[in-house]
file input.pdb (PDB, C-alpha atoms)
ATOM      1  CA  MET G 284    -120.709-117.261 147.210
ATOM      2  CA  ARG G 285    -120.572-117.453 143.440
ATOM      3  CA  PRO G 286    -117.540-119.398 142.180
ATOM      4  CA  VAL G 287    -114.198-118.025 141.107
ATOM      5  CA  ALA G 288    -113.734-118.779 137.405
ATOM      6  CA  ILE G 289    -110.257-120.192 136.718
ATOM      7  CA  PHE G 290    -109.123-120.005 133.092
ATOM      8  CA  ARG G 291    -106.669-122.692 132.004
ATOM      9  CA  HIS G 292    -104.987-122.045 128.663
ATOM     10  CA  PHE G 293    -102.677-125.079 128.433
ATOM     11  CA  PRO G 294    -103.083-128.582 129.921
ATOM     12  CA  SER G 295     -99.946-128.499 132.095
ATOM     13  CA  GLU G 296    -100.584-124.965 133.408
ATOM     14  CA  GLY G 297    -103.467-125.571 135.760
ATOM     15  CA  PRO G 298    -104.342-123.707 138.968
ATOM     16  CA  GLY G 299    -101.946-125.676 141.174
ATOM     17  CA  TYR G 300    -101.641-124.188 144.646
ATOM     18  CA  PHE G 301    -104.206-121.474 143.866
ATOM     19  CA  ALA G 302    -106.951-124.126 143.772
ATOM     20  CA  THR G 303    -105.575-125.681 146.963
ATOM     21  CA  PHE G 304    -105.773-122.275 148.653
ATOM     22  CA  LEU G 305    -109.362-121.703 147.537
ATOM     23  CA  ASP G 306    -110.380-125.168 148.713
ATOM     24  CA  ALA G 307    -108.762-124.570 152.119
ATOM     25  CA  HIS G 308    -110.813-121.373 152.482
ATOM     26  CA  ARG G 309    -114.013-123.049 151.241
ATOM     27  CA  ILE G 310    -114.248-120.774 148.233
ATOM     28  CA  PRO G 311    -115.977-122.463 145.285
ATOM     29  CA  TRP G 312    -114.326-122.384 141.894
ATOM     30  CA  THR G 313    -115.014-123.581 138.391
ATOM     31  CA  LEU G 314    -112.560-124.373 135.596
ATOM     32  CA  VAL G 315    -112.858-122.825 132.137
ATOM     33  CA  ALA G 316    -110.582-125.030 130.030
ATOM     34  CA  ILE G 317    -109.627-122.877 127.047
ATOM     35  CA  ASP G 318    -107.230-125.692 126.040
ATOM     36  CA  ARG G 319    -110.291-127.949 125.619
ATOM     37  CA  ASN G 320    -112.119-125.299 123.588
ATOM     38  CA  ASP G 321    -114.365-124.117 126.408
ATOM     39  CA  PRO G 322    -115.694-120.711 125.356
ATOM     40  CA  VAL G 323    -114.963-117.591 127.340
ATOM     41  CA  PRO G 324    -118.196-116.955 129.255
ATOM     42  CA  ARG G 325    -120.315-114.057 128.150
ATOM     43  CA  VAL G 326    -121.868-111.814 130.765
ATOM     44  CA  SER G 327    -125.219-110.114 130.239
ATOM     45  CA  GLY G 328    -125.071-106.370 129.843
ATOM     46  CA  GLU G 329    -122.120-106.151 127.458
ATOM     47  CA  LEU G 330    -119.781-103.251 128.089
ATOM     48  CA  GLY G 331    -118.896-100.675 125.536
ATOM     49  CA  GLU G 332    -115.268-100.121 124.620
ATOM     50  CA  SER G 333    -114.944 -97.432 127.275
ATOM     51  CA  GLY G 334    -116.127 -99.817 129.989
ATOM     52  CA  SER G 335    -118.409 -97.101 131.322
ATOM     53  CA  ALA G 336    -121.634 -99.110 131.266
ATOM     54  CA  ALA G 337    -120.564-101.378 134.125
ATOM     55  CA  SER G 338    -122.549-104.363 135.275
ATOM     56  CA  ALA G 339    -123.221-104.341 138.997
ATOM     57  CA  PRO G 340    -121.251-106.978 140.964
ATOM     58  CA  SER G 341    -124.580-108.587 141.927
ATOM     59  CA  ARG G 342    -125.199-109.375 138.248
ATOM     60  CA  PHE G 343    -121.755-110.783 137.558
ATOM     61  CA  PRO G 344    -121.845-114.621 137.537
ATOM     62  CA  TYR G 345    -118.486-115.079 139.286
ATOM     63  CA  SER G 346    -117.071-113.723 142.525
ATOM     64  CA  GLY G 347    -113.669-113.329 140.845
ATOM     65  CA  LEU G 348    -111.670-114.279 137.771
ATOM     66  CA  CYS G 349    -108.304-116.075 137.698
ATOM     67  CA  PHE G 350    -106.194-116.445 134.553
ATOM     68  CA  MET G 351    -103.384-118.994 134.517
ATOM     69  CA  GLY G 352    -100.281-119.227 132.298
ATOM     70  CA  GLY G 353     -99.598-120.674 128.865
ATOM     71  CA  PRO G 354     -96.919-120.864 126.185
ATOM     72  CA  MET G 355     -98.767-118.598 123.776
ATOM     73  CA  SER G 356     -98.504-114.807 123.516
ATOM     74  CA  VAL G 357    -101.369-112.415 124.147
ATOM     75  CA  ASN G 358    -100.335-110.870 120.825
ATOM     76  CA  ASP G 359    -101.059-114.115 118.943
ATOM     77  CA  PRO G 360    -104.155-114.125 116.687
ATOM     78  CA  LEU G 361    -106.048-116.618 118.855
ATOM     79  CA  PRO G 362    -109.846-116.374 118.819
ATOM     80  CA  TRP G 363    -110.311-116.387 122.611
ATOM     81  CA  ILE G 364    -107.862-113.597 123.522
ATOM     82  CA  ASP G 365    -110.124-110.675 122.635
ATOM     83  CA  ASP G 366    -113.018-112.336 124.477
ATOM     84  CA  ALA G 367    -110.840-112.861 127.576
ATOM     85  CA  CYS G 368    -109.706-109.233 127.512
ATOM     86  CA  ALA G 369    -113.304-108.048 127.155
ATOM     87  CA  LEU G 370    -114.323-110.164 130.155
ATOM     88  CA  ILE G 371    -111.450-108.749 132.222
ATOM     89  CA  ARG G 372    -112.556-105.201 131.396
ATOM     90  CA  GLN G 373    -116.128-106.076 132.269
ATOM     91  CA  ALA G 374    -115.094-107.581 135.605
ATOM     92  CA  ALA G 375    -112.934-104.554 136.397
ATOM     93  CA  ALA G 376    -115.773-102.177 135.597
ATOM     94  CA  ALA G 377    -118.080-104.210 137.847
ATOM     95  CA  GLY G 378    -115.610-104.223 140.740
ATOM     96  CA  VAL G 379    -115.089-108.001 140.499
ATOM     97  CA  PRO G 380    -111.441-108.852 141.306
ATOM     98  CA  VAL G 381    -109.168-110.422 138.699
ATOM     99  CA  ILE G 382    -105.900-112.262 139.349
ATOM    100  CA  GLY G 383    -103.400-113.355 136.703
ATOM    101  CA  HIS G 384    -100.377-115.650 136.685
ATOM    102  CA  CYS G 385     -97.742-115.051 133.958
ATOM    103  CA  LEU G 386     -99.771-115.141 130.718
ATOM    104  CA  GLY G 387    -102.752-114.243 132.876
ATOM    105  CA  SER G 388    -101.032-111.075 134.084
ATOM    106  CA  GLN G 389    -100.208-110.189 130.492
ATOM    107  CA  LEU G 390    -103.856-110.645 129.509
ATOM    108  CA  MET G 391    -104.806-108.311 132.351
ATOM    109  CA  ALA G 392    -102.223-105.738 131.308
ATOM    110  CA  LYS G 393    -103.365-105.816 127.690
ATOM    111  CA  ALA G 394    -107.039-105.632 128.630
ATOM    112  CA  LEU G 395    -106.522-102.711 131.010
ATOM    113  CA  GLY G 396    -104.389-100.514 128.762
ATOM    114  CA  GLY G 397    -100.825-101.826 129.033
ATOM    115  CA  THR G 398     -98.714-103.537 126.401
ATOM    116  CA  VAL G 399     -96.941-106.886 126.182
ATOM    117  CA  GLY G 400     -93.621-107.557 124.467
ATOM    118  CA  ALA G 401     -90.301-109.332 124.776
ATOM    119  CA  ASN G 402     -88.486-109.252 128.093
ATOM    120  CA  PRO G 403     -84.756-108.445 127.783
ATOM    121  CA  VAL G 404     -83.974-112.087 128.683
ATOM    122  CA  LYS G 405     -85.890-115.228 129.438
ATOM    123  CA  GLU G 406     -86.496-116.130 133.050
ATOM    124  CA  ILE G 407     -86.803-119.860 133.712
ATOM    125  CA  GLY G 408     -86.569-121.491 137.124
ATOM    126  CA  TRP G 409     -86.187-120.177 140.636
ATOM    127  CA  GLY G 410     -85.186-116.557 141.163
ATOM    128  CA  PRO G 411     -85.697-113.766 143.682
ATOM    129  CA  ILE G 412     -88.100-110.877 143.582
ATOM    130  CA  GLU G 413     -87.912-107.737 145.714
ATOM    131  CA  ALA G 414     -90.837-105.679 146.933
ATOM    132  CA  SER G 415     -91.259-102.169 145.578
ATOM    133  CA  ALA G 416     -91.496 -99.145 147.846
ATOM    134  CA  GLY G 417     -94.869 -97.637 148.571
ATOM    135  CA  PRO G 418     -98.204 -98.339 150.255
ATOM    136  CA  ALA G 419     -99.538-100.705 147.573
ATOM    137  CA  ALA G 420     -96.611-103.095 147.973
ATOM    138  CA  ARG G 421     -96.920-102.950 151.750
ATOM    139  CA  HIS G 422    -100.644-103.668 151.495
ATOM    140  CA  TRP G 423    -100.248-106.708 149.259
ATOM    141  CA  LEU G 424     -96.926-108.088 150.519
ATOM    142  CA  GLY G 425     -97.068-107.113 154.176
ATOM    143  CA  GLY G 426     -93.640-107.536 155.700
ATOM    144  CA  ILE G 427     -92.268-109.651 152.823
ATOM    145  CA  ALA G 428     -89.392-107.636 151.375
ATOM    146  CA  ALA G 429     -87.998-110.390 149.123
ATOM    147  CA  ALA G 430     -88.865-113.964 148.246
ATOM    148  CA  PRO G 431     -87.908-116.733 145.826
ATOM    149  CA  VAL G 432     -90.482-117.421 143.132
ATOM    150  CA  PHE G 433     -90.700-119.594 140.042
ATOM    151  CA  HIS G 434     -90.326-118.078 136.574
ATOM    152  CA  TRP G 435     -91.043-119.308 133.062
ATOM    153  CA  HIS G 436     -91.477-116.480 130.575
ATOM    154  CA  GLY G 437     -89.925-114.648 127.655
ATOM    155  CA  GLU G 438     -92.371-111.741 127.474
ATOM    156  CA  THR G 439     -93.520-109.175 129.993
ATOM    157  CA  PHE G 440     -96.009-106.340 130.395
ATOM    158  CA  THR G 441     -95.992-102.612 130.900
ATOM    159  CA  LEU G 442     -98.082-101.319 133.780
ATOM    160  CA  PRO G 443    -101.669-100.449 132.844
ATOM    161  CA  PRO G 444    -102.737 -96.864 133.577
ATOM    162  CA  GLY G 445    -103.341 -96.430 137.296
ATOM    163  CA  ALA G 446    -101.599 -99.668 138.249
ATOM    164  CA  GLU G 447     -98.812 -99.783 140.836
ATOM    165  CA  ARG G 448     -95.722-101.966 140.669
ATOM    166  CA  LEU G 449     -95.451-104.344 143.620
ATOM    167  CA  ALA G 450     -92.227-106.241 142.897
ATOM    168  CA  ALA G 451     -89.333-106.625 140.470
ATOM    169  CA  SER G 452     -86.589-109.153 139.747
ATOM    170  CA  PRO G 453     -83.052-108.574 138.439
ATOM    171  CA  ALA G 454     -84.141-109.692 134.960
ATOM    172  CA  CYS G 455     -87.671-108.255 134.827
ATOM    173  CA  ALA G 456     -88.756-104.843 136.104
ATOM    174  CA  ASN G 457     -92.474-105.632 136.317
ATOM    175  CA  GLN G 458     -93.029-108.801 138.302
ATOM    176  CA  MET G 459     -96.303-107.796 139.952
ATOM    177  CA  PHE G 460     -98.844-105.023 139.710
ATOM    178  CA  ALA G 461    -102.000-104.093 141.533
ATOM    179  CA  LEU G 462    -104.881-102.006 140.254
ATOM    180  CA  GLY G 463    -107.480-101.688 142.993
ATOM    181  CA  PRO G 464    -108.524-105.260 143.878
ATOM    182  CA  HIS G 465    -106.826-106.740 140.806
ATOM    183  CA  LEU G 466    -103.455-108.510 141.004
ATOM    184  CA  GLY G 467    -101.198-109.402 138.070
ATOM    185  CA  MET G 468     -98.096-111.556 138.592
ATOM    186  CA  GLN G 469     -95.489-112.231 135.926
ATOM    187  CA  CYS G 470     -94.066-114.970 138.161
ATOM    188  CA  HIS G 471     -95.635-118.310 139.074
ATOM    189  CA  VAL G 472     -96.452-118.503 142.786
ATOM    190  CA  GLU G 473     -98.967-121.298 142.102
ATOM    191  CA  MET G 474     -96.339-123.931 141.339
ATOM    192  CA  THR G 475     -96.250-127.417 142.852
ATOM    193  CA  PRO G 476     -93.276-129.809 142.655
ATOM    194  CA  GLU G 477     -95.271-131.940 140.215
ATOM    195  CA  MET G 478     -95.874-128.977 137.915
ATOM    196  CA  ILE G 479     -92.187-128.045 137.980
ATOM    197  CA  ALA G 480     -91.207-131.595 137.019
ATOM    198  CA  GLU G 481     -93.710-131.620 134.154
ATOM    199  CA  TRP G 482     -92.662-128.220 132.829
ATOM    200  CA  SER G 483     -89.016-129.281 132.925
ATOM    201  CA  LEU G 484     -89.772-131.719 130.105
ATOM    202  CA  ALA G 485     -90.284-128.692 127.824
ATOM    203  CA  TRP G 486     -86.988-127.089 128.877
ATOM    204  CA  PRO G 487     -84.900-128.113 125.803
ATOM    205  CA  GLY G 488     -87.297-126.357 123.448
ATOM    206  CA  GLU G 489     -87.502-123.269 125.666
ATOM    207  CA  VAL G 490     -83.741-122.722 125.723
ATOM    208  CA  ALA G 491     -83.003-123.613 122.098
ATOM    209  CA  GLY G 492     -80.588-121.017 120.738
ATOM    210  CA  LEU G 493     -79.567-119.717 124.168
ATOM    211  CA  ASP G 494     -75.821-120.283 124.247
ATOM    212  CA  PRO G 495     -74.571-119.593 126.813
ATOM    213  CA  LEU G 496     -77.530-119.702 129.151
ATOM    214  CA  PRO G 497     -78.154-116.345 130.859
ATOM    215  CA  PRO G 498     -78.034-116.276 134.669
ATOM    216  CA  SER G 499     -81.837-115.967 134.692
ATOM    217  CA  VAL G 500     -82.244-119.482 133.228
ATOM    218  CA  GLN G 501     -81.783-122.566 135.381
ATOM    219  CA  THR G 502     -81.314-126.146 134.265
ATOM    220  CA  PRO G 503     -83.975-128.709 135.202
ATOM    221  CA  GLU G 504     -81.508-130.299 137.598
ATOM    222  CA  ARG G 505     -80.983-127.012 139.405
ATOM    223  CA  MET G 506     -84.729-126.343 139.530
ATOM    224  CA  SER G 507     -85.290-129.728 141.130
ATOM    225  CA  GLU G 508     -82.507-129.163 143.655
ATOM    226  CA  ASP G 509     -83.831-125.724 144.620
ATOM    227  CA  THR G 510     -87.495-126.693 144.936
ATOM    228  CA  PRO G 511     -87.412-128.107 148.506
ATOM    229  CA  ARG G 512     -85.370-125.113 149.659
ATOM    230  CA  HIS G 513     -87.474-122.372 148.068
ATOM    231  CA  LEU G 514     -91.007-123.791 148.073
ATOM    232  CA  PRO G 515     -91.873-122.912 151.718
ATOM    233  CA  ALA G 516     -91.014-119.218 151.235
ATOM    234  CA  MET G 517     -92.991-119.081 147.985
ATOM    235  CA  ARG G 518     -95.951-120.716 149.730
ATOM    236  CA  ALA G 519     -95.825-118.010 152.405
ATOM    237  CA  LEU G 520     -95.797-115.344 149.687
ATOM    238  CA  ALA G 521     -98.685-117.005 147.836
ATOM    239  CA  ASP G 522    -100.703-117.233 151.052
ATOM    240  CA  ARG G 523    -100.190-113.519 151.644
ATOM    241  CA  LEU G 524    -101.110-112.499 148.078
ATOM    242  CA  TYR G 525    -104.046-114.863 147.693
ATOM    243  CA  GLY G 526    -105.256-113.953 151.177
ATOM    244  CA  GLU G 527    -105.426-110.272 150.259
ATOM    245  CA  TRP G 528    -107.021-111.005 146.886
ATOM    246  CA  ILE G 529    -109.910-113.066 148.253
ATOM    247  CA  LYS G 530    -110.891-110.187 150.542
ATOM    248  CA  GLY G 531    -112.246-108.432 147.461
ATOM    249  CA  LEU G 532    -114.365-111.319 146.171
ATOM    250  CA  ALA G 533    -117.948-110.391 145.378
ATOM    251  CA  ARG G 534    -120.279-111.987 147.926
ATOM    252  CA  ASP G 535    -124.006-112.586 147.745
TER     253      ASP G 535
END
call {"tool": "encode", "arguments": {"input": "input.pdb", "output": "structure tokens"}}
result
Amino acid sequence: MRPVAIFRHFPSEGPGYFATFLDAHRIPWTLVAIDRNDPVPRVSGELGESGSAASAPSRFPYSGLCFMGGPMSVNDPLPWIDDACALIRQAAAAGVPVIGHCLGSQLMAKALGGTVGANPVKEIGWGPIEASAGPAARHWLGGIAAAPVFHWHGETFTLPPGAERLAASPACANQMFALGPHLGMQCHVEMTPEMIAEWSLAWPGEVAGLDPLPPSVQTPERMSEDTPRHLPAMRALADRLYGEWIKGLARD
């Protein structure tokens, strides 16, 4: 199998449990470290803007694409964002599955015809999501009707044309979407306790000016207290989502 390309946009926002899951299923992966100035890979047979001249999956160099989070916005004038969006469109046209976590889901939404802007409030820390009604949510989530997940975002996406909402939270209507084999998640199901502890160091800057804190924002102390209680349920959710996603990986 060709590797899954994992795009890291910030040093502390690596693949976490997603890489652990791939390793457990003996799925090869390679890291594209945008934060270290790795270029976005270019695929032969460039697509036009319409995406109609698709490359066949057999020509695509990766079995899937995974985009992680980051503190930047997809609307920032960063040189790699347009290249990442073009690669997402090319993968989608070739039938190669894409998965996105937080910023990664926003990149997917932007690339596939949605928009990204400010969420009504920030979501930081542990919070619940609830599954949407419909066959797509049942397909991806199985019997999981609600689960705790980790949040760290101030922006969110609109659904790209043809996409279906899979889950929502009290503070964010679009927590997950699916479009064929592609899965975008505003939340962070890839988190490890070590990642949560590291991210908590950035908490003062994230909440500057929020007085009082909205209910959707937890303190680092509360995050730490809730992690042992909520992590097993989030792992079960991640296993379900990642398990469905890898079924679509392009195989030689």
call {"tool": "residues_around", "arguments": {"input": "input.pdb", "residues": "G:Met517", "least_positions_apart": "5", "cutoff": "9 Å", "atoms": "all atoms listed in the file", "output": "ChimeraX atom specification"}}
result
/G:430-433,472-474,522
call {"tool": "residues_around", "arguments": {"input": "input.pdb", "residues": "stretch 389-402 of chain G", "least_positions_apart": "6", "cutoff": "9 Å", "atoms": "only C-alpha atoms", "output": "number ranges by chain"}}
result
G: 350, 356-358, 364-365, 367-372, 375, 381-383, 436-444, 454-455, 465-469
call {"tool": "write_last_selection", "arguments": {"input": "input.pdb", "atoms": "C-alpha atoms", "output": "mmCIF file, in the frame of the given file"}}
result
data_model
loop_
_atom_site.group_PDB
_atom_site.id
_atom_site.type_symbol
_atom_site.label_atom_id
_atom_site.label_comp_id
_atom_site.auth_asym_id
_atom_site.auth_seq_id
_atom_site.Cartn_x
_atom_site.Cartn_y
_atom_site.Cartn_z
ATOM 1 C CA PHE G 350 -106.194 -116.445 134.553
ATOM 2 C CA SER G 356 -98.504 -114.807 123.516
ATOM 3 C CA VAL G 357 -101.369 -112.415 124.147
ATOM 4 C CA ASN G 358 -100.335 -110.870 120.825
ATOM 5 C CA ILE G 364 -107.862 -113.597 123.522
ATOM 6 C CA ASP G 365 -110.124 -110.675 122.635
ATOM 7 C CA ALA G 367 -110.840 -112.861 127.576
ATOM 8 C CA CYS G 368 -109.706 -109.233 127.512
ATOM 9 C CA ALA G 369 -113.304 -108.048 127.155
ATOM 10 C CA LEU G 370 -114.323 -110.164 130.155
ATOM 11 C CA ILE G 371 -111.450 -108.749 132.222
ATOM 12 C CA ARG G 372 -112.556 -105.201 131.396
ATOM 13 C CA ALA G 375 -112.934 -104.554 136.397
ATOM 14 C CA VAL G 381 -109.168 -110.422 138.699
ATOM 15 C CA ILE G 382 -105.900 -112.262 139.349
ATOM 16 C CA GLY G 383 -103.400 -113.355 136.703
ATOM 17 C CA HIS G 436 -91.477 -116.480 130.575
ATOM 18 C CA GLY G 437 -89.925 -114.648 127.655
ATOM 19 C CA GLU G 438 -92.371 -111.741 127.474
ATOM 20 C CA THR G 439 -93.520 -109.175 129.993
ATOM 21 C CA PHE G 440 -96.009 -106.340 130.395
ATOM 22 C CA THR G 441 -95.992 -102.612 130.900
ATOM 23 C CA LEU G 442 -98.082 -101.319 133.780
ATOM 24 C CA PRO G 443 -101.669 -100.449 132.844
ATOM 25 C CA PRO G 444 -102.737 -96.864 133.577
ATOM 26 C CA ALA G 454 -84.141 -109.692 134.960
ATOM 27 C CA CYS G 455 -87.671 -108.255 134.827
ATOM 28 C CA HIS G 465 -106.826 -106.740 140.806
ATOM 29 C CA LEU G 466 -103.455 -108.510 141.004
ATOM 30 C CA GLY G 467 -101.198 -109.402 138.070
ATOM 31 C CA MET G 468 -98.096 -111.556 138.592
ATOM 32 C CA GLN G 469 -95.489 -112.231 135.926
#
call {"tool": "atom_distance", "arguments": {"input": "input.pdb", "atom1": "atom CA of G:Phe290", "atom2": "atom CA of G:Val315"}}
result
4.8 Å
call {"tool": "resolve_selection", "arguments": {"input": "input.pdb", "expression": "the PyMOL selection byres ((chain G and resi 304-307) around 9)", "output": "PyMOL selection string"}}
result
chain G and resi 287+300-303+308-312+521-522+525-526+529
call {"tool": "closest_atom_pairs", "arguments": {"input": "input.pdb", "of": "stretch 369-471 of chain G", "to": "stretch 483-493 of chain G", "cutoff": "10 Å", "atoms": "all atoms listed in the file", "output": "CSV"}}
result
residue,atom,partner,partner_atom,distance
G:Val404,CA,G:Leu493,CA,9.9
G:Lys405,CA,G:Val490,CA,8.6
G:Ile407,CA,G:Trp486,CA,8.7
G:Gly408,CA,G:Ser483,CA,9.2
G:Trp435,CA,G:Glu489,CA,9.1
G:His436,CA,G:Glu489,CA,9.3
G:Gly437,CA,G:Glu489,CA,9.2
